[in-house]
file run_27.pdb (PDB, C-alpha atoms)
MODEL        1
ATOM      1  CA  MET V   9      26.235  -3.117  -0.588  1.00  0.00           C
ATOM      2  CA  ASN V  10      24.065  -3.060  -3.653  1.00  0.00           C
ATOM      3  CA  ARG V  11      23.786   0.531  -4.864  1.00  0.00           C
ATOM      4  CA  THR V  12      20.942   0.157  -7.342  1.00  0.00           C
ATOM      5  CA  ALA V  13      17.427   1.477  -6.808  1.00  0.00           C
ATOM      6  CA  ARG V  14      14.785  -0.638  -8.552  1.00  0.00           C
ATOM      7  CA  THR V  15      11.585   1.357  -8.656  1.00  0.00           C
ATOM      8  CA  THR V  16       9.591   3.224 -11.305  1.00  0.00           C
ATOM      9  CA  ASN V  17       8.127   5.929  -9.066  1.00  0.00           C
ATOM     10  CA  PRO V  18      10.423   9.006  -9.364  1.00  0.00           C
ATOM     11  CA  ASN V  19       9.666  10.246  -5.824  1.00  0.00           C
ATOM     12  CA  ARG V  20      10.321   6.826  -4.333  1.00  0.00           C
ATOM     13  CA  ARG V  21      13.451   6.505  -6.466  1.00  0.00           C
ATOM     14  CA  ALA V  22      14.856   9.710  -4.950  1.00  0.00           C
ATOM     15  CA  LEU V  23      14.117   8.475  -1.429  1.00  0.00           C
ATOM     16  CA  VAL V  24      15.738   5.126  -2.121  1.00  0.00           C
ATOM     17  CA  ARG V  25      18.757   6.843  -3.691  1.00  0.00           C
ATOM     18  CA  ARG V  26      19.184   9.050  -0.598  1.00  0.00           C
ATOM     19  CA  ALA V  27      18.897   6.028   1.699  1.00  0.00           C
ATOM     20  CA  LEU V  28      21.475   4.125  -0.343  1.00  0.00           C
ATOM     21  CA  THR V  29      23.853   7.107  -0.339  1.00  0.00           C
ATOM     22  CA  THR V  30      23.496   7.438   3.412  1.00  0.00           C
ATOM     23  CA  ALA V  31      24.016   3.715   3.864  1.00  0.00           C
ATOM     24  CA  THR V  32      27.223   3.662   1.839  1.00  0.00           C
ATOM     25  CA  HIS V  33      28.796   6.641   3.653  1.00  0.00           C
ATOM     26  CA  THR V  34      28.287   5.480   7.238  1.00  0.00           C
ATOM     27  CA  ALA V  35      29.445   2.640   9.444  1.00  0.00           C
ATOM     28  CA  LYS V  36      28.310  -0.764   8.238  1.00  0.00           C
ATOM     29  CA  ALA V  37      25.854  -1.360  11.106  1.00  0.00           C
ATOM     30  CA  LEU V  38      24.218   2.045  10.631  1.00  0.00           C
ATOM     31  CA  GLY V  39      24.101   1.491   6.883  1.00  0.00           C
ATOM     32  CA  TYR V  40      22.201  -1.766   7.216  1.00  0.00           C
ATOM     33  CA  ALA V  41      19.902  -0.214   9.820  1.00  0.00           C
ATOM     34  CA  THR V  42      19.169   2.562   7.323  1.00  0.00           C
ATOM     35  CA  LEU V  43      18.392   0.048   4.600  1.00  0.00           C
ATOM     36  CA  SER V  44      16.101  -1.902   6.952  1.00  0.00           C
ATOM     37  CA  GLY V  45      14.171   1.258   7.803  1.00  0.00           C
ATOM     38  CA  ARG V  46      10.802   0.883   9.489  1.00  0.00           C
ATOM     39  CA  ILE V  47      10.936  -2.932   9.458  1.00  0.00           C
ATOM     40  CA  GLY V  48      14.249  -2.823  11.330  1.00  0.00           C
ATOM     41  CA  ALA V  49      12.688  -0.547  13.938  1.00  0.00           C
ATOM     42  CA  LEU V  50       9.801  -2.990  14.420  1.00  0.00           C
ATOM     43  CA  VAL V  51      12.280  -5.863  14.877  1.00  0.00           C
ATOM     44  CA  ALA V  52      14.305  -3.861  17.400  1.00  0.00           C
ATOM     45  CA  ASP V  53      11.073  -3.044  19.256  1.00  0.00           C
ATOM     46  CA  GLY V  54      10.024  -6.718  19.363  1.00  0.00           C
ATOM     47  CA  ARG V  55       6.914  -6.331  17.227  1.00  0.00           C
ATOM     48  CA  LEU V  56       8.436  -8.542  14.532  1.00  0.00           C
ATOM     49  CA  ILE V  57      10.760 -11.502  15.122  1.00  0.00           C
ATOM     50  CA  ARG V  58      13.140 -13.638  13.110  1.00  0.00           C
ATOM     51  CA  THR V  59      12.775 -17.402  12.977  1.00  0.00           C
ATOM     52  CA  GLY V  60      15.947 -17.818  15.055  1.00  0.00           C
ATOM     53  CA  ASP V  61      14.441 -15.647  17.801  1.00  0.00           C
ATOM     54  CA  PHE V  62      11.319 -17.820  17.778  1.00  0.00           C
ATOM     55  CA  LEU V  63      13.395 -20.998  18.028  1.00  0.00           C
ATOM     56  CA  ASP V  64      15.254 -19.512  21.012  1.00  0.00           C
ATOM     57  CA  ARG V  65      11.904 -18.804  22.638  1.00  0.00           C
ATOM     58  CA  VAL V  66      10.551 -22.347  22.231  1.00  0.00           C
ATOM     59  CA  GLY V  67      13.714 -24.266  23.054  1.00  0.00           C
ATOM     60  CA  GLY V  68      15.228 -24.863  19.625  1.00  0.00           C
ATOM     61  CA  ALA V  69      18.335 -22.706  20.082  1.00  0.00           C
ATOM     62  CA  ASP V  70      20.586 -25.779  20.071  1.00  0.00           C
ATOM     63  CA  LEU V  71      19.809 -26.536  16.391  1.00  0.00           C
ATOM     64  CA  LYS V  72      22.727 -26.076  14.002  1.00  0.00           C
ATOM     65  CA  ASP V  73      22.635 -23.104  11.626  1.00  0.00           C
ATOM     66  CA  GLY V  74      21.817 -25.266   8.614  1.00  0.00           C
ATOM     67  CA  PHE V  75      18.835 -26.808  10.366  1.00  0.00           C
ATOM     68  CA  GLN V  76      17.585 -23.402  11.497  1.00  0.00           C
ATOM     69  CA  SER V  77      17.851 -22.262   7.899  1.00  0.00           C
ATOM     70  CA  TRP V  78      15.678 -25.153   6.738  1.00  0.00           C
ATOM     71  CA  TYR V  79      13.153 -24.310   9.444  1.00  0.00           C
ATOM     72  CA  GLY V  80      13.028 -20.779   8.028  1.00  0.00           C
ATOM     73  CA  ARG V  81      12.301 -22.190   4.578  1.00  0.00           C
ATOM     74  CA  HIS V  82       9.371 -24.170   5.965  1.00  0.00           C
ATOM     75  CA  VAL V  83       8.035 -21.064   7.696  1.00  0.00           C
ATOM     76  CA  ILE V  84       8.188 -18.860   4.596  1.00  0.00           C
ATOM     77  CA  LYS V  85       6.481 -21.607   2.591  1.00  0.00           C
ATOM     78  CA  ALA V  86       3.623 -21.688   5.141  1.00  0.00           C
ATOM     79  CA  TYR V  87       3.484 -17.870   5.189  1.00  0.00           C
ATOM     80  CA  ARG V  88       3.252 -17.673   1.394  1.00  0.00           C
ATOM     81  CA  ALA V  89       0.479 -20.272   1.358  1.00  0.00           C
ATOM     82  CA  ALA V  90      -1.534 -18.308   3.913  1.00  0.00           C
ATOM     83  CA  HIS V  91      -0.950 -14.759   2.628  1.00  0.00           C
ATOM     84  CA  ASP V  92      -0.110 -15.073  -1.098  1.00  0.00           C
ATOM     85  CA  ALA V  93       2.848 -12.744  -0.470  1.00  0.00           C
ATOM     86  CA  ASP V  94       6.319 -12.726   1.023  1.00  0.00           C
ATOM     87  CA  ALA V  95       6.921 -11.732   4.610  1.00  0.00           C
ATOM     88  CA  PRO V  96       8.813  -8.475   5.244  1.00  0.00           C
ATOM     89  CA  ARG V  97      12.611  -8.710   5.196  1.00  0.00           C
ATOM     90  CA  VAL V  98      15.253  -7.038   7.301  1.00  0.00           C
ATOM     91  CA  TRP V  99      19.040  -6.898   7.355  1.00  0.00           C
ATOM     92  CA  ALA V 100      20.405  -8.625  10.460  1.00  0.00           C
ATOM     93  CA  ARG V 101      23.725  -9.955  11.684  1.00  0.00           C
ATOM     94  CA  HIS V 102      24.133 -13.702  11.465  1.00  0.00           C
ATOM     95  CA  ARG V 103      24.321 -15.106  14.975  1.00  0.00           C
ATOM     96  CA  THR V 104      27.541 -17.095  14.475  1.00  0.00           C
ATOM     97  CA  THR V 105      29.400 -15.608  11.498  1.00  0.00           C
ATOM     98  CA  GLY V 106      28.578 -11.945  12.116  1.00  0.00           C
ATOM     99  CA  LYS V 107      27.882 -11.362   8.409  1.00  0.00           C
ATOM    100  CA  TRP V 108      24.912  -9.251   7.406  1.00  0.00           C
ATOM    101  CA  VAL V 109      22.093 -11.358   5.951  1.00  0.00           C
ATOM    102  CA  HIS V 110      18.666 -10.464   4.579  1.00  0.00           C
ATOM    103  CA  VAL V 111      16.072 -12.452   6.576  1.00  0.00           C
ATOM    104  CA  PHE V 112      12.297 -12.691   6.732  1.00  0.00           C
ATOM    105  CA  VAL V 113      10.525 -11.458   9.866  1.00  0.00           C
ATOM    106  CA  TYR V 114       7.112 -12.373  11.239  1.00  0.00           C
ATOM    107  CA  ALA V 115       4.631 -11.294  13.883  1.00  0.00           C
ATOM    108  CA  PRO V 116       5.435 -13.038  17.187  1.00  0.00           C
ATOM    109  CA  LEU V 117       2.168 -15.018  17.080  1.00  0.00           C
ATOM    110  CA  ASP V 118       2.100 -15.724  13.338  1.00  0.00           C
ATOM    111  CA  PRO V 119       0.611 -19.189  12.639  1.00  0.00           C
ATOM    112  CA  ALA V 120       3.290 -19.798   9.972  1.00  0.00           C
ATOM    113  CA  LEU V 121       5.877 -20.138  12.756  1.00  0.00           C
ATOM    114  CA  LEU V 122       3.941 -23.044  14.302  1.00  0.00           C
ATOM    115  CA  THR V 123       3.186 -24.580  10.915  1.00  0.00           C
ATOM    116  CA  GLY V 124       6.901 -24.486  10.113  1.00  0.00           C
ATOM    117  CA  LEU V 125       7.681 -26.244  13.403  1.00  0.00           C
ATOM    118  CA  ALA V 126       5.180 -28.992  12.673  1.00  0.00           C
ATOM    119  CA  SER V 127       6.192 -29.501   9.042  1.00  0.00           C
ATOM    120  CA  TYR V 128       9.968 -29.744   9.534  1.00  0.00           C
ATOM    121  CA  ASN V 129      11.242 -33.067  10.940  1.00  0.00           C
ATOM    122  CA  ARG V 130      13.989 -31.532  13.089  1.00  0.00           C
ATOM    123  CA  THR V 131      11.595 -29.146  14.864  1.00  0.00           C
ATOM    124  CA  ARG V 132       8.456 -31.268  14.998  1.00  0.00           C
ATOM    125  CA  HIS V 133       9.115 -32.153  18.654  1.00  0.00           C
ATOM    126  CA  LEU V 134       8.921 -28.439  19.561  1.00  0.00           C
ATOM    127  CA  ALA V 135       5.493 -27.835  17.981  1.00  0.00           C
ATOM    128  CA  ASP V 136       3.378 -28.939  20.974  1.00  0.00           C
ATOM    129  CA  ARG V 137       5.525 -27.036  23.444  1.00  0.00           C
ATOM    130  CA  ALA V 138       5.373 -23.879  21.296  1.00  0.00           C
ATOM    131  CA  ALA V 139       1.594 -24.089  20.919  1.00  0.00           C
ATOM    132  CA  TYR V 140       1.246 -24.447  24.702  1.00  0.00           C
ATOM    133  CA  GLU V 141       3.547 -21.488  25.399  1.00  0.00           C
ATOM    134  CA  LEU V 142       1.819 -19.262  22.855  1.00  0.00           C
ATOM    135  CA  ALA V 143      -1.620 -20.158  24.214  1.00  0.00           C
ATOM    136  CA  SER V 144      -0.720 -19.156  27.772  1.00  0.00           C
TER     137      SER V 144
ENDMDL
END
call {"tool": "encode", "arguments": {"input": "run_27.pdb", "output": "C-alpha coordinates"}}
result
Amino acid sequence: MNRTARTTNPNRRALVRRALTTATHTAKALGYATLSGRIGALVADGRLIRTGDFLDRVGGADLKDGFQSWYGRHVIKAYRAAHDADAPRVWARHRTTGKWVHVFVYAPLDPALLTGLASYNRTRHLADRAAYELAS
(Lines of atoms letter the chains of each structure in order from A and count residues from 1; the text may use other names and numbers.)
(Lines give C-alpha, C1' and ligand atoms only; values in the text may rest on other atoms or scores of the structure.)
Protein backbone atom coordinates (compact mmCIF):
# COMPACT_ATOMS: atom_id res chain seq x y z
CA MET A 1 0.00 0.00 0.00
CA ASN A 2 1.08 3.55 -0.61
CA ARG A 3 2.00 5.12 2.72
CA THR A 4 2.18 8.76 1.69
CA ALA A 5 -0.35 11.41 2.66
CA ARG A 6 -0.68 14.15 0.04
CA THR A 7 -2.50 17.05 1.62
CA THR A 8 -1.57 20.53 2.87
CA ASN A 9 -4.13 20.79 5.67
CA PRO A 10 -2.37 19.72 8.92
CA ASN A 11 -5.57 18.40 10.54
CA ARG A 12 -6.47 16.39 7.45
CA ARG A 13 -2.88 15.18 7.20
CA ALA A 14 -3.09 13.73 10.72
CA LEU A 15 -6.36 11.98 9.90
CA VAL A 16 -4.94 10.54 6.70
CA ARG A 17 -1.79 9.43 8.52
CA ARG A 18 -3.87 7.62 11.16
CA ALA A 19 -5.97 5.94 8.47
CA LEU A 20 -2.85 4.83 6.61
CA THR A 21 -1.28 3.49 9.82
CA THR A 22 -4.44 1.57 10.62
CA ALA A 23 -4.61 0.24 7.08
CA THR A 24 -1.05 -1.05 7.12
CA HIS A 25 -1.40 -2.85 10.47
CA THR A 26 -4.57 -4.81 9.76
CA ALA A 27 -5.71 -7.53 7.40
CA LYS A 28 -5.58 -6.51 3.76
CA ALA A 29 -9.37 -6.43 3.28
CA LEU A 30 -9.88 -4.27 6.38
CA GLY A 31 -7.02 -2.03 5.31
CA TYR A 32 -8.58 -1.31 1.93
CA ALA A 33 -11.98 -0.81 3.55
CA THR A 34 -10.36 1.74 5.86
CA LEU A 35 -8.79 3.55 2.92
CA SER A 36 -12.13 3.58 1.06
CA GLY A 37 -13.87 5.12 4.07
CA ARG A 38 -17.28 6.67 3.54
CA ILE A 39 -17.32 5.92 -0.20
CA GLY A 40 -16.75 2.23 0.54
CA ALA A 41 -19.68 2.28 2.96
CA LEU A 42 -21.93 3.81 0.29
CA VAL A 43 -20.87 1.10 -2.19
CA ALA A 44 -21.53 -1.64 0.36
CA ASP A 45 -24.95 -0.10 1.05
CA GLY A 46 -25.82 0.02 -2.68
CA ARG A 47 -26.04 3.79 -2.94
CA LEU A 48 -23.06 3.84 -5.31
CA ILE A 49 -22.21 1.16 -7.88
CA ARG A 50 -19.24 0.14 -9.98
CA THR A 51 -19.50 -0.15 -13.75
CA GLY A 52 -19.20 -3.95 -13.51
CA ASP A 53 -22.21 -4.05 -11.17
CA PHE A 54 -24.19 -1.98 -13.67
CA LEU A 55 -23.23 -4.30 -16.52
CA ASP A 56 -24.38 -7.28 -14.44
CA ARG A 57 -27.69 -5.53 -13.91
CA VAL A 58 -28.34 -4.84 -17.60
CA GLY A 59 -27.11 -8.14 -19.02
CA GLY A 60 -23.51 -7.36 -19.90
CA ALA A 61 -21.87 -9.68 -17.36
CA ASP A 62 -20.59 -11.97 -20.12
CA LEU A 63 -18.20 -9.28 -21.46
CA LYS A 64 -14.51 -10.04 -21.00
CA ASP A 65 -12.58 -8.02 -18.41
CA GLY A 66 -10.80 -5.95 -21.04
CA PHE A 67 -14.07 -4.95 -22.66
CA GLN A 68 -15.60 -4.06 -19.30
CA SER A 69 -12.56 -1.90 -18.64
CA TRP A 70 -13.09 -0.01 -21.89
CA TYR A 71 -16.75 0.47 -20.98
CA GLY A 72 -15.58 2.04 -17.71
CA ARG A 73 -13.36 4.43 -19.66
CA HIS A 74 -16.33 5.54 -21.75
CA VAL A 75 -18.40 6.08 -18.61
CA ILE A 76 -15.78 8.21 -16.85
CA LYS A 77 -15.36 10.27 -20.02
CA ALA A 78 -19.13 10.95 -20.08
CA TYR A 79 -19.11 11.69 -16.33
CA ARG A 80 -16.25 14.19 -16.69
CA ALA A 81 -18.03 15.92 -19.57
CA ALA A 82 -21.21 16.30 -17.52
CA HIS A 83 -19.70 17.23 -14.13
CA ASP A 84 -16.26 18.77 -14.85
CA ALA A 85 -14.85 16.49 -12.14
CA ASP A 86 -13.89 12.89 -11.52
CA ALA A 87 -16.30 10.43 -9.98
CA PRO A 88 -15.52 9.14 -6.47
CA ARG A 89 -13.15 6.17 -6.27
CA VAL A 90 -13.12 3.14 -4.04
CA TRP A 91 -10.82 0.18 -3.46
CA ALA A 92 -12.49 -3.06 -4.58
CA ARG A 93 -11.46 -6.61 -5.34
CA HIS A 94 -11.18 -7.45 -9.01
CA ARG A 95 -13.88 -9.96 -9.89
CA THR A 96 -11.58 -12.51 -11.55
CA THR A 97 -8.04 -11.91 -10.28
CA GLY A 98 -8.89 -11.01 -6.68
CA LYS A 99 -6.38 -8.13 -6.69
CA TRP A 100 -7.34 -4.84 -5.09
CA VAL A 101 -8.01 -2.14 -7.69
CA HIS A 102 -9.00 1.52 -7.39
CA VAL A 103 -12.25 1.99 -9.37
CA PHE A 104 -14.70 4.80 -10.02
CA VAL A 105 -18.21 4.51 -8.58
CA TYR A 106 -21.43 6.19 -9.68
CA ALA A 107 -25.00 6.72 -8.55
CA PRO A 108 -27.17 3.80 -9.72
CA LEU A 109 -29.17 6.07 -12.06
CA ASP A 110 -26.29 8.25 -13.27
CA PRO A 111 -26.79 9.23 -16.94
CA ALA A 112 -23.06 8.63 -17.60
CA LEU A 113 -23.68 4.88 -17.26
CA LEU A 114 -26.19 4.96 -20.13
CA THR A 115 -24.05 7.31 -22.19
CA GLY A 116 -21.13 4.92 -21.78
CA LEU A 117 -23.30 2.02 -22.97
CA ALA A 118 -24.37 3.93 -26.06
CA SER A 119 -20.91 5.24 -26.94
CA TYR A 120 -18.98 1.96 -26.68
CA ASN A 121 -19.43 -0.46 -29.61
CA ARG A 122 -19.37 -3.63 -27.50
CA THR A 123 -22.15 -2.41 -25.18
CA ARG A 124 -24.27 -0.42 -27.61
CA HIS A 125 -26.78 -3.28 -27.90
CA LEU A 126 -27.47 -3.03 -24.15
CA ALA A 127 -28.31 0.70 -24.16
CA ASP A 128 -32.01 0.36 -25.08
CA ARG A 129 -32.57 -2.47 -22.63
CA ALA A 130 -30.85 -0.51 -19.83
CA ALA A 131 -32.89 2.63 -20.52
CA TYR A 132 -36.09 0.56 -20.40
CA GLU A 133 -35.11 -1.14 -17.13
CA LEU A 134 -34.09 2.13 -15.48
CA ALA A 135 -37.31 3.84 -16.57
CA SER A 136 -39.52 1.17 -15.00
call {"tool": "atom_distance", "arguments": {"input": "run_27.pdb", "atom1": "atom CA of V:Asp61", "atom2": "atom CA of V:Asp94"}}
result
18.9 Å
call {"tool": "atom_distance", "arguments": {"input": "run_27.pdb", "atom1": "atom CA of V:Ile57", "atom2": "atom CA of V:Val24"}}
result
24.5 Å
call {"tool": "closest_residue", "arguments": {"input": "run_27.pdb", "among": "V:Asp136, V:Gly68, V:Phe62, V:Thr105", "to": "V:Asp118", "atoms": "only C-alpha atoms"}}
result
V:Phe62
call {"tool": "closest_residue", "arguments": {"input": "run_27.pdb", "among": "V:Arg103, V:Glu141, V:Ala93, V:Val83", "to": "V:Leu121", "atoms": "all atoms listed in the file"}}
result
V:Val83
call {"tool": "residues_around", "arguments": {"input": "run_27.pdb", "residues": "stretch 69-74 of chain V", "least_positions_apart": "3", "cutoff": "10 Å", "atoms": "only C-alpha atoms", "output": "list of chain:residue names"}}
result
V:Gly60, V:Asp61, V:Phe62, V:Leu63, V:Asp64, V:Arg65, V:Val66, V:Ser77, V:Trp78, V:Tyr79, V:Gly80, V:His102, V:Arg103, V:Thr104, V:Arg130, V:Thr131
call {"tool": "resolve_selection", "arguments": {"input": "run_27.pdb", "expression": "the PyMOL selection byres ((chain V and resi 55) around 10)", "output": "VMD selection string"}}
result
chain V and resid 47 49 to 54 56 to 57 113 to 117
call {"tool": "closest_residue", "arguments": {"input": "run_27.pdb", "among": "V:Ala126, V:Ala138, V:Arg46, V:Ala27", "to": "V:Arg97", "atoms": "only C-alpha atoms"}}
result
V:Arg46
call {"tool": "axis_aligned_box", "arguments": {"input": "run_27.pdb", "around": "stretch 51-58 of chain V", "padding_each_side": "3 Å", "output": "lines of an AutoDock Vina configuration file"}}
result
center_x = 10.6
center_y = -8.3
center_z = 16.2
size_x = 13.4
size_y = 16.6
size_z = 12.3
call {"tool": "atom_distance", "arguments": {"input": "run_27.pdb", "atom1": "atom CA of V:Ala139", "atom2": "atom CA of V:Ser127"}}
result
13.8 Å
call {"tool": "closest_residue", "arguments": {"input": "run_27.pdb", "among": "V:Lys107, V:His82, V:Arg88, V:Arg137", "to": "V:Thr123", "atoms": "only C-alpha atoms"}}
result
V:His82
call {"tool": "closest_residue", "arguments": {"input": "run_27.pdb", "among": "V:Gly67, V:Tyr87, V:Gln76, V:Trp99", "to": "V:Leu134", "atoms": "all atoms listed in the file"}}
result
V:Gly67
